[in-house]
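S.K.: Next comes my_file-v7.cif, mmCIF, C-alpha atoms and all ligand atoms; chains and numbers go by the auth columns:
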data_query
loop_
_atom_site.group_PDB
_atom_site.id
_atom_site.type_symbol
_atom_site.label_atom_id
_atom_site.label_comp_id
_atom_site.label_asym_id
_atom_site.label_seq_id
_atom_site.Cartn_x
_atom_site.Cartn_y
_atom_site.Cartn_z
_atom_site.B_iso_or_equiv
_atom_site.auth_seq_id
_atom_site.auth_asym_id
ATOM 1 C CA MET A 1 -149.783 107.458 23.614 0.00 13 A
ATOM 2 C CA LYS A 2 -151.412 106.500 20.307 0.00 14 A
ATOM 3 C CA PRO A 3 -155.095 107.519 20.017 0.00 15 A
ATOM 4 C CA VAL A 4 -157.557 104.629 20.373 0.00 16 A
ATOM 5 C CA LYS A 5 -158.775 103.387 16.975 0.00 17 A
ATOM 6 C CA LYS A 6 -162.527 103.571 16.391 0.00 18 A
ATOM 7 C CA ILE A 7 -164.219 101.015 14.171 0.00 19 A
ATOM 8 C CA LEU A 8 -167.815 101.025 12.967 0.00 20 A
ATOM 9 C CA VAL A 9 -169.465 97.640 12.363 0.00 21 A
ATOM 10 C CA LEU A 10 -172.329 97.828 9.863 0.00 22 A
ATOM 11 C CA ASN A 11 -174.771 95.038 9.071 0.00 23 A
ATOM 12 C CA GLY A 12 -177.276 95.115 6.249 0.00 24 A
ATOM 13 C CA PRO A 13 -180.735 93.678 5.625 0.00 25 A
ATOM 14 C CA ASN A 14 -182.043 90.561 7.367 0.00 26 A
ATOM 15 C CA LEU A 15 -178.947 90.200 9.540 0.00 27 A
ATOM 16 C CA ASN A 16 -181.123 91.232 12.508 0.00 28 A
ATOM 17 C CA LEU A 17 -182.675 87.771 12.031 0.00 29 A
ATOM 18 C CA LEU A 18 -179.426 85.850 12.546 0.00 30 A
ATOM 19 C CA GLY A 19 -180.003 82.848 14.756 0.00 31 A
ATOM 20 C CA LEU A 20 -183.445 82.268 13.225 0.00 32 A
ATOM 21 C CA ARG A 21 -182.645 82.887 9.578 0.00 33 A
ATOM 22 C CA GLU A 22 -181.522 79.847 7.537 0.00 34 A
ATOM 23 C CA PRO A 23 -179.251 78.542 10.338 0.00 35 A
ATOM 24 C CA GLY A 24 -177.842 75.864 8.008 0.00 36 A
ATOM 25 C CA ILE A 25 -176.305 78.685 5.946 0.00 37 A
ATOM 26 C CA TYR A 26 -175.756 81.486 8.465 0.00 38 A
ATOM 27 C CA GLY A 27 -175.253 79.572 11.734 0.00 39 A
ATOM 28 C CA SER A 28 -177.120 79.792 15.025 0.00 40 A
ATOM 29 C CA GLU A 29 -175.308 82.784 16.509 0.00 41 A
ATOM 30 C CA THR A 30 -177.440 85.928 16.890 0.00 42 A
ATOM 31 C CA LEU A 31 -176.266 89.395 15.844 0.00 43 A
ATOM 32 C CA GLU A 32 -176.346 90.404 19.521 0.00 44 A
ATOM 33 C CA GLY A 33 -173.995 87.477 20.265 0.00 45 A
ATOM 34 C CA ILE A 34 -171.635 88.474 17.457 0.00 46 A
ATOM 35 C CA ASN A 35 -171.599 92.081 18.648 0.00 47 A
ATOM 36 C CA ALA A 36 -170.906 91.003 22.241 0.00 48 A
ATOM 37 C CA ALA A 37 -167.929 88.922 21.031 0.00 49 A
ATOM 38 C CA LEU A 38 -166.677 91.922 19.014 0.00 50 A
ATOM 39 C CA LEU A 39 -166.999 94.183 22.052 0.00 51 A
ATOM 40 C CA SER A 40 -164.960 91.779 24.144 0.00 52 A
ATOM 41 C CA LEU A 41 -162.273 91.444 21.437 0.00 53 A
ATOM 42 C CA ALA A 42 -162.199 95.240 21.103 0.00 54 A
ATOM 43 C CA GLY A 43 -161.308 95.386 24.809 0.00 55 A
ATOM 44 C CA GLU A 44 -158.394 93.010 24.213 0.00 56 A
ATOM 45 C CA LEU A 45 -157.221 94.954 21.162 0.00 57 A
ATOM 46 C CA SER A 46 -157.691 98.323 22.903 0.00 58 A
ATOM 47 C CA CYS A 47 -159.940 99.730 20.198 0.00 59 A
ATOM 48 C CA GLU A 48 -163.516 101.066 20.219 0.00 60 A
ATOM 49 C CA VAL A 49 -166.373 99.522 18.268 0.00 61 A
ATOM 50 C CA ASP A 50 -169.775 100.891 17.431 0.00 62 A
ATOM 51 C CA PHE A 51 -172.600 98.958 15.774 0.00 63 A
ATOM 52 C CA LEU A 52 -175.461 99.611 13.370 0.00 64 A
ATOM 53 C CA GLN A 53 -177.769 97.167 11.613 0.00 65 A
ATOM 54 C CA SER A 54 -180.284 98.425 9.094 0.00 66 A
ATOM 55 C CA ASN A 55 -182.597 96.888 6.545 0.00 67 A
ATOM 56 C CA SER A 56 -182.509 100.130 4.596 0.00 68 A
ATOM 57 C CA GLU A 57 -179.924 101.015 1.962 0.00 69 A
ATOM 58 C CA GLY A 58 -180.269 104.744 2.645 0.00 70 A
ATOM 59 C CA ALA A 59 -179.610 104.312 6.372 0.00 71 A
ATOM 60 C CA LEU A 60 -176.404 102.405 5.566 0.00 72 A
ATOM 61 C CA VAL A 61 -175.319 105.151 3.137 0.00 73 A
ATOM 62 C CA ASP A 62 -176.068 107.778 5.831 0.00 74 A
ATOM 63 C CA ALA A 63 -174.034 105.813 8.399 0.00 75 A
ATOM 64 C CA ILE A 64 -171.043 105.572 6.033 0.00 76 A
ATOM 65 C CA GLN A 65 -171.203 109.309 5.269 0.00 77 A
ATOM 66 C CA GLN A 66 -171.501 110.185 8.967 0.00 78 A
ATOM 67 C CA ALA A 67 -168.548 107.916 9.811 0.00 79 A
ATOM 68 C CA SER A 68 -166.245 110.234 7.894 0.00 80 A
ATOM 69 C CA GLY A 69 -163.931 112.013 10.341 0.00 81 A
ATOM 70 C CA ARG A 70 -165.431 110.111 13.295 0.00 82 A
ATOM 71 C CA VAL A 71 -164.078 106.584 12.882 0.00 83 A
ATOM 72 C CA ASP A 72 -160.871 105.070 11.542 0.00 84 A
ATOM 73 C CA GLY A 73 -162.359 102.120 9.680 0.00 85 A
ATOM 74 C CA ILE A 74 -165.543 100.248 8.825 0.00 86 A
ATOM 75 C CA ILE A 75 -166.358 96.545 8.924 0.00 87 A
ATOM 76 C CA ILE A 76 -169.442 95.859 6.823 0.00 88 A
ATOM 77 C CA ASN A 77 -171.605 92.902 5.964 0.00 89 A
ATOM 78 C CA PRO A 78 -173.800 94.577 3.341 0.00 90 A
ATOM 79 C CA ALA A 79 -175.871 91.347 3.028 0.00 91 A
ATOM 80 C CA ALA A 80 -177.996 91.367 -0.149 0.00 92 A
ATOM 81 C CA TYR A 81 -176.877 94.941 -0.954 0.00 93 A
ATOM 82 C CA THR A 82 -173.411 93.502 -1.611 0.00 94 A
ATOM 83 C CA HIS A 83 -174.665 92.336 -4.960 0.00 95 A
ATOM 84 C CA THR A 84 -176.791 95.345 -5.938 0.00 96 A
ATOM 85 C CA SER A 85 -175.819 98.585 -4.235 0.00 97 A
ATOM 86 C CA VAL A 86 -173.961 101.150 -6.295 0.00 98 A
ATOM 87 C CA ALA A 87 -175.013 103.657 -3.595 0.00 99 A
ATOM 88 C CA ILE A 88 -173.173 101.839 -0.769 0.00 100 A
ATOM 89 C CA ARG A 89 -170.116 101.328 -2.957 0.00 101 A
ATOM 90 C CA ASP A 90 -170.087 105.029 -3.911 0.00 102 A
ATOM 91 C CA ALA A 91 -170.476 106.093 -0.259 0.00 103 A
ATOM 92 C CA ILE A 92 -167.436 103.978 0.680 0.00 104 A
ATOM 93 C CA ALA A 93 -165.426 105.436 -2.198 0.00 105 A
ATOM 94 C CA ALA A 94 -166.551 108.958 -1.241 0.00 106 A
ATOM 95 C CA VAL A 95 -165.472 108.828 2.410 0.00 107 A
ATOM 96 C CA GLY A 96 -162.220 107.014 1.663 0.00 108 A
ATOM 97 C CA LEU A 97 -162.213 105.100 4.968 0.00 109 A
ATOM 98 C CA PRO A 98 -160.696 101.596 4.971 0.00 110 A
ATOM 99 C CA VAL A 99 -163.426 98.978 4.758 0.00 111 A
ATOM 100 C CA ILE A 100 -163.338 95.220 5.354 0.00 112 A
ATOM 101 C CA GLU A 101 -166.249 93.279 3.845 0.00 113 A
ATOM 102 C CA VAL A 102 -167.556 90.261 5.773 0.00 114 A
ATOM 103 C CA HIS A 103 -169.912 87.449 4.760 0.00 115 A
ATOM 104 C CA LEU A 104 -170.931 84.642 7.052 0.00 116 A
ATOM 105 C CA SER A 105 -171.426 82.247 4.157 0.00 117 A
ATOM 106 C CA ASN A 106 -169.055 81.442 1.320 0.00 118 A
ATOM 107 C CA VAL A 107 -170.936 83.445 -1.307 0.00 119 A
ATOM 108 C CA TYR A 108 -168.744 81.935 -4.066 0.00 120 A
ATOM 109 C CA LYS A 109 -170.144 78.460 -3.597 0.00 121 A
ATOM 110 C CA ARG A 110 -173.750 79.670 -3.563 0.00 122 A
ATOM 111 C CA GLU A 111 -176.043 81.002 -6.311 0.00 123 A
ATOM 112 C CA GLU A 112 -174.316 82.817 -9.146 0.00 124 A
ATOM 113 C CA PHE A 113 -175.983 86.153 -8.315 0.00 125 A
ATOM 114 C CA ARG A 114 -174.019 86.148 -5.029 0.00 126 A
ATOM 115 C CA HIS A 115 -170.644 85.758 -6.767 0.00 127 A
ATOM 116 C CA LYS A 116 -170.421 89.436 -7.680 0.00 128 A
ATOM 117 C CA SER A 117 -169.666 92.001 -4.976 0.00 129 A
ATOM 118 C CA LEU A 118 -169.983 95.668 -5.892 0.00 130 A
ATOM 119 C CA ILE A 119 -168.273 96.457 -2.587 0.00 131 A
ATOM 120 C CA ALA A 120 -165.093 94.347 -2.947 0.00 132 A
ATOM 121 C CA PRO A 121 -163.346 96.742 -5.397 0.00 133 A
ATOM 122 C CA VAL A 122 -163.553 99.575 -2.821 0.00 134 A
ATOM 123 C CA ALA A 123 -162.664 97.387 0.187 0.00 135 A
ATOM 124 C CA VAL A 124 -159.259 96.666 1.688 0.00 136 A
ATOM 125 C CA GLY A 125 -160.250 93.002 1.787 0.00 137 A
ATOM 126 C CA GLN A 126 -163.031 90.494 2.162 0.00 138 A
ATOM 127 C CA ILE A 127 -163.688 87.554 4.502 0.00 139 A
ATOM 128 C CA ALA A 128 -166.348 85.033 3.449 0.00 140 A
ATOM 129 C CA GLY A 129 -167.431 81.606 4.608 0.00 141 A
ATOM 130 C CA LEU A 130 -166.045 81.548 8.154 0.00 142 A
ATOM 131 C CA GLY A 131 -169.342 82.281 9.903 0.00 143 A
ATOM 132 C CA ALA A 132 -169.344 84.597 12.911 0.00 144 A
ATOM 133 C CA ASP A 133 -165.560 84.206 13.254 0.00 145 A
ATOM 134 C CA GLY A 134 -165.268 86.320 10.100 0.00 146 A
ATOM 135 C CA TYR A 135 -166.267 89.435 12.062 0.00 147 A
ATOM 136 C CA LEU A 136 -163.638 88.770 14.734 0.00 148 A
ATOM 137 C CA LEU A 137 -160.963 88.167 12.102 0.00 149 A
ATOM 138 C CA ALA A 138 -162.039 91.364 10.356 0.00 150 A
ATOM 139 C CA LEU A 139 -161.610 93.335 13.600 0.00 151 A
ATOM 140 C CA ARG A 140 -158.112 91.910 14.112 0.00 152 A
ATOM 141 C CA GLY A 141 -157.333 92.627 10.448 0.00 153 A
ATOM 142 C CA MET A 142 -158.633 96.191 10.651 0.00 154 A
ATOM 143 C CA VAL A 143 -156.658 97.007 13.804 0.00 155 A
ATOM 144 C CA SER A 144 -153.436 95.672 12.311 0.00 156 A
ATOM 145 C CA TYR A 145 -154.143 97.487 9.005 0.00 157 A
ATOM 146 C CA LEU A 146 -154.709 100.779 10.896 0.00 158 A
ATOM 147 C CA ASN A 147 -151.569 100.291 12.973 0.00 159 A
ATOM 148 C CA ARG A 148 -149.542 99.784 9.792 0.00 160 A
ATOM 149 C CA ALA A 149 -151.069 102.765 7.973 0.00 161 A
HETATM 150 C C1 LIG B . -174.461 87.386 3.316 0.00 201 B
HETATM 151 C C2 LIG B . -174.501 86.805 1.897 0.00 201 B
HETATM 152 C C3 LIG B . -175.482 87.559 1.021 0.00 201 B
HETATM 153 O O1 LIG B . -175.507 86.997 -0.288 0.00 201 B
HETATM 154 C C4 LIG B . -176.876 87.463 1.613 0.00 201 B
HETATM 155 O O2 LIG B . -177.791 88.213 0.846 0.00 201 B
HETATM 156 C C5 LIG B . -176.934 87.851 3.040 0.00 201 B
HETATM 157 C C6 LIG B . -175.846 87.452 3.937 0.00 201 B
HETATM 158 C C7 LIG B . -173.569 86.551 4.266 0.00 201 B
HETATM 159 O O3 LIG B . -173.243 87.068 5.324 0.00 201 B
HETATM 160 O O4 LIG B . -173.237 85.402 3.958 0.00 201 B
HETATM 161 O O5 LIG B . -177.917 88.412 3.505 0.00 201 B
HETATM 162 O O6 LIG B . -173.913 88.696 3.253 0.00 201 B
#
Now, as a test, write the supplied structure out as structure tokens.
Ligand code: DQA
M.R.:
Amino acid sequence: MKPVKKILVLNGPNLNLLGLREPGIYGSETLEGINAALLSLAGELSCEVDFLQSNSEGALVDAIQQASGRVDGIIINPAAYTHTSVAIRDAIAAVGLPVIEVHLSNVYKREEFRHKSLIAPVAVGQIAGLGADGYLLALRGMVSYLNRA
């Protein structure tokens, strides 16, 4: 039997406020709701998911480093750090795990400073603009990527 794939889901700053935060842009779903939907999809896909949200760049870097050798892939919404964090990008490049980047909003039709992702060049792919569904699509995408690899 193939070993069960383990996927870490990371969320960056202010995503703990989903549901309250600018619902016209980010939707009314809470992060707890998104994580519950991911957990249920993980059951269907026979994989394991683990979750961390942090407002701190260093905690996200630590989580990526600690994921090395423990998980098979990472789904990350780096939130505002997408556009600024060389440290998160370097951590992803250092551990070499496959990463799928998720954004609830379509960052490319928003302010220009959101058009640049420092993470995209070290990610397998990116999903933006599909709201909470983006996380579920990312989980399906990660499992099929890992099964192909
Ligand atoms: C976001 C987009 C970022 O530009 C923003 O800073 C966020 C959320 C999204 O999910 O659409 O905090 O990553």
S.K.: Could you expand the PyMOL selection byres (((not hetatm)) within 8 of (chain B and resi 201)) into the explicit residues it covers here, written as a list in words?
M.R.: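 The output of the PyMOL selection byres (((not hetatm)) within 8 of (chain B and resi 201)) on this file is Gly24, Pro25, Asn26, Leu27, Ile37, Tyr38, Asn89, Pro90, Ala91, Ala92, Tyr93, Thr94, His95, Val114, His115, Leu116, Ser117, Asn118, Val119, Arg126, Ala140, Gly141 and Gly143 of chain A.
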S.K.: Could you turn the residues from that selection into a file that holds C-alpha atoms, as a PDB file, keeping the file's coordinate frame?
M.R.:
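Wrote it out as selection29.pdb, contents follow:
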ATOM      1  CA  GLY A  24    -177.276  95.115   6.249  1.00  0.00           C
ATOM      2  CA  PRO A  25    -180.735  93.678   5.625  1.00  0.00           C
ATOM      3  CA  ASN A  26    -182.043  90.561   7.367  1.00  0.00           C
ATOM      4  CA  LEU A  27    -178.947  90.200   9.540  1.00  0.00           C
ATOM      5  CA  ILE A  37    -176.305  78.685   5.946  1.00  0.00           C
ATOM      6  CA  TYR A  38    -175.756  81.486   8.465  1.00  0.00           C
ATOM      7  CA  ASN A  89    -171.605  92.902   5.964  1.00  0.00           C
ATOM      8  CA  PRO A  90    -173.800  94.577   3.341  1.00  0.00           C
ATOM      9  CA  ALA A  91    -175.871  91.347   3.028  1.00  0.00           C
ATOM     10  CA  ALA A  92    -177.996  91.367  -0.149  1.00  0.00           C
ATOM     11  CA  TYR A  93    -176.877  94.941  -0.954  1.00  0.00           C
ATOM     12  CA  THR A  94    -173.411  93.502  -1.611  1.00  0.00           C
ATOM     13  CA  HIS A  95    -174.665  92.336  -4.960  1.00  0.00           C
ATOM     14  CA  VAL A 114    -167.556  90.261   5.773  1.00  0.00           C
ATOM     15  CA  HIS A 115    -169.912  87.449   4.760  1.00  0.00           C
ATOM     16  CA  LEU A 116    -170.931  84.642   7.052  1.00  0.00           C
ATOM     17  CA  SER A 117    -171.426  82.247   4.157  1.00  0.00           C
ATOM     18  CA  ASN A 118    -169.055  81.442   1.320  1.00  0.00           C
ATOM     19  CA  VAL A 119    -170.936  83.445  -1.307  1.00  0.00           C
ATOM     20  CA  ARG A 126    -174.019  86.148  -5.029  1.00  0.00           C
ATOM     21  CA  ALA A 140    -166.348  85.033   3.449  1.00  0.00           C
ATOM     22  CA  GLY A 141    -167.431  81.606   4.608  1.00  0.00           C
ATOM     23  CA  GLY A 143    -169.342  82.281   9.903  1.00  0.00           C
TER      24      GLY A 143
END
S.K.: Would you kindly translate the PyMOL selection byres (((chain A and resi 135) around 10) and not hetatm) into the concrete residues it picks from this file, as number ranges by chain?
M.R.: A: 86-88, 101, 104-105, 108-113, 130-134, 136-138
S.K.: Dump C-alpha atoms for the selected residues as a PDB file, in the coordinates of the input?
M.R.:
ATOM      1  CA  ILE A  86    -165.543 100.248   8.825  1.00  0.00           C
ATOM      2  CA  ILE A  87    -166.358  96.545   8.924  1.00  0.00           C
ATOM      3  CA  ILE A  88    -169.442  95.859   6.823  1.00  0.00           C
ATOM      4  CA  ARG A 101    -170.116 101.328  -2.957  1.00  0.00           C
ATOM      5  CA  ILE A 104    -167.436 103.978   0.680  1.00  0.00           C
ATOM      6  CA  ALA A 105    -165.426 105.436  -2.198  1.00  0.00           C
ATOM      7  CA  GLY A 108    -162.220 107.014   1.663  1.00  0.00           C
ATOM      8  CA  LEU A 109    -162.213 105.100   4.968  1.00  0.00           C
ATOM      9  CA  PRO A 110    -160.696 101.596   4.971  1.00  0.00           C
ATOM     10  CA  VAL A 111    -163.426  98.978   4.758  1.00  0.00           C
ATOM     11  CA  ILE A 112    -163.338  95.220   5.354  1.00  0.00           C
ATOM     12  CA  GLU A 113    -166.249  93.279   3.845  1.00  0.00           C
ATOM     13  CA  LEU A 130    -169.983  95.668  -5.892  1.00  0.00           C
ATOM     14  CA  ILE A 131    -168.273  96.457  -2.587  1.00  0.00           C
ATOM     15  CA  ALA A 132    -165.093  94.347  -2.947  1.00  0.00           C
ATOM     16  CA  PRO A 133    -163.346  96.742  -5.397  1.00  0.00           C
ATOM     17  CA  VAL A 134    -163.553  99.575  -2.821  1.00  0.00           C
ATOM     18  CA  VAL A 136    -159.259  96.666   1.688  1.00  0.00           C
ATOM     19  CA  GLY A 137    -160.250  93.002   1.787  1.00  0.00           C
ATOM     20  CA  GLN A 138    -163.031  90.494   2.162  1.00  0.00           C
TER      21      GLN A 138
END
S.K.: Suppose a student applies the PyMOL selection byres (((chain A and resi 69-81) around 7) and not hetatm) to this structure; what residues should they get, written as a list in words?
M.R.: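 The output of the PyMOL selection byres (((chain A and resi 69-81) around 7) and not hetatm) on this file is Ser66, Asn67, Ser68, Arg82, Val83, Ala99, Ile100, Ala103, Ile104 and Val107 of chain A.
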S.K.: Can you work out the spacing between atom CA of A:Leu53 and atom CA of A:Leu149 in Å, to one decimal?
M.R.: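 So the two atoms, atom CA of A:Leu53 and atom CA of A:Leu149, lie 10.0 Å apart.
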S.K.: Atom CA of A:Arg33 and atom CA of A:Arg152, how far apart in Å?
M.R.: 26.5 Å
S.K.: When you draw a straight line from atom CA of A:Lys14 to atom CA of A:Ser156, how long is it in Å?
M.R.: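 Between these atoms lies a distance of 13.6 Å.
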S.K.: Can you work out which one of A:Arg160, A:Cys59, A:Pro15, A:Leu64 has the shortest atom-to-atom distance to A:Asn47, counting all atoms listed in the file?
M.R.: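 Result for the nearest residue to A:Asn47: A:Leu64.
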S.K.: Excluding A:Ile19 and its own-chain neighbours fewer than 5 positions away, which residues fall within 7 Å of it when counting only C-alpha atoms? Please give them as a list in words.
M.R.: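 My reading of the contact set: Glu60, Val61, Asp62, Val83, Asp84, Gly85 and Ile86 of chain A.
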S.K.: Taking (-168.5, 93.2, 19.0) in the file's own coordinates, collect the residues within 12 Å, counting only C-alpha atoms, and hand them back as number ranges by chain.
M.R.: A: 19-23, 42-57, 59-64, 87, 144-152
S.K.: Report, as JSON, the centre and edge lengths in Å (one decimal) of the axis-aligned box enclosing every listed atom of stretch 132-136 of chain A, padded by 3 Å on each side.
M.R.:
{"center_x": -162.2, "center_y": 97.0, "center_z": -1.9, "size_x": 11.8, "size_y": 11.2, "size_z": 13.1}
